[in-house]
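*Asks:* Submitted below is the structure of interest, expressed as structure tokens.
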Amino acid sequence: MFTYRITLLLGKLDTSTCPPAVVSVIFPAFNGEPVTLTESEITVTFATEQTPTDLGPLVRVELI
């Protein structure tokens, strides 16, 4: 399993919708995989390794 942590370097994440739309922007192959959402981070787990879309320096995506 491959789990990725997504964090924003400025501000808090909107927790009103899970998964947030940004997950499918960062991971175009996202298809309802498990997501955990807090105001500080999103974690998403895939069965195979993914290549995240680079949204610039304010959005950090790490393989954990």
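Every chain in the structure tokens has a letter given in the order shown (A, B, ...), and although residue numbers restart at 1 in each chain, ligands are simply numbered from 1 in the order shown.
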Which of chain A counts as strand (DSSP E or B) under DSSP, as a list in words please?

*Replies:*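 Of chain A, the ones in strand (DSSP E or B) are Phe2, Thr3, Tyr4, Arg5, Ile6, Thr7, Leu8, Val35, Thr36, Leu37, Ile42, Thr43, Val44, Thr45, Phe46, Val59, Arg60, Val61, Glu62 and Leu63 of chain A.
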
*Asks:* Report as number ranges by chain all protein, DNA and RNA residues lying within 7 Å of stretch 40-53 of chain A, evaluated on only C-alpha atoms, omitting residues in the same chain fewer than 6 positions from it.

*Replies:* A: 1-7, 12-13, 26-27, 33-34

*Asks:* Among chain A, which ones does DSSP place in helix (DSSP H, G or I), written as a list in words?

*Replies:*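 Going through chain A, the helix (DSSP H, G or I) residues come out as Val22, Val23, Ser24, Val25 and Ile26 of chain A.
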
*Asks:* I need the chosen residues saved as a PDB file, in the first residue's frame, with C-alpha atoms.

*Replies:*
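Final output, saved to again32.pdb:
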ATOM      1  CA  VAL A  22      -7.950  18.703  -4.699  1.00  0.00           C
ATOM      2  CA  VAL A  23      -7.334  14.953  -4.237  1.00  0.00           C
ATOM      3  CA  SER A  24      -8.516  14.153  -7.775  1.00  0.00           C
ATOM      4  CA  VAL A  25      -6.503  17.106  -9.124  1.00  0.00           C
ATOM      5  CA  ILE A  26      -3.295  15.873  -7.486  1.00  0.00           C
TER       6      ILE A  26
END

*Asks:* Could you tell me which of A:Pro19, A:Leu58, A:Gly11, A:Leu63 comes closest to A:Glu39 if we count only C-alpha atoms?

*Replies:*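 Smallest separation from A:Glu39 among the options: A:Gly11.
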
*Asks:* Please provide as a ChimeraX atom specification all residues within 8 Å of A:Thr15, with the sequence filter that same-chain residues fewer than 2 positions apart are discarded (counting only C-alpha atoms).

*Replies:* /A:13,17-18,20,37-39

*Asks:* Excluding same-chain residues fewer than 6 positions from A:Leu9, what lies within 9 Å of it counting only C-alpha atoms, as a ChimeraX atom specification?

*Replies:* /A:57-60

*Asks:* Would you write out those residues with N, CA and C atoms, as a PDB file, in the first residue's frame?

*Replies:*
ATOM      1  N   PRO A  57       4.783  25.145  -4.925  1.00  0.00           N
ATOM      2  CA  PRO A  57       5.443  25.030  -3.618  1.00  0.00           C
ATOM      3  C   PRO A  57       4.512  25.142  -2.403  1.00  0.00           C
ATOM      4  N   LEU A  58       3.275  25.561  -2.568  1.00  0.00           N
ATOM      5  CA  LEU A  58       2.390  25.720  -1.419  1.00  0.00           C
ATOM      6  C   LEU A  58       1.586  24.461  -1.101  1.00  0.00           C
ATOM      7  N   VAL A  59       1.681  23.459  -1.983  1.00  0.00           N
ATOM      8  CA  VAL A  59       1.005  22.188  -1.755  1.00  0.00           C
ATOM      9  C   VAL A  59       2.076  21.090  -1.709  1.00  0.00           C
ATOM     10  N   ARG A  60       2.237  20.469  -0.560  1.00  0.00           N
ATOM     11  CA  ARG A  60       3.261  19.438  -0.395  1.00  0.00           C
ATOM     12  C   ARG A  60       2.611  18.061  -0.418  1.00  0.00           C
TER      13      ARG A  60
END
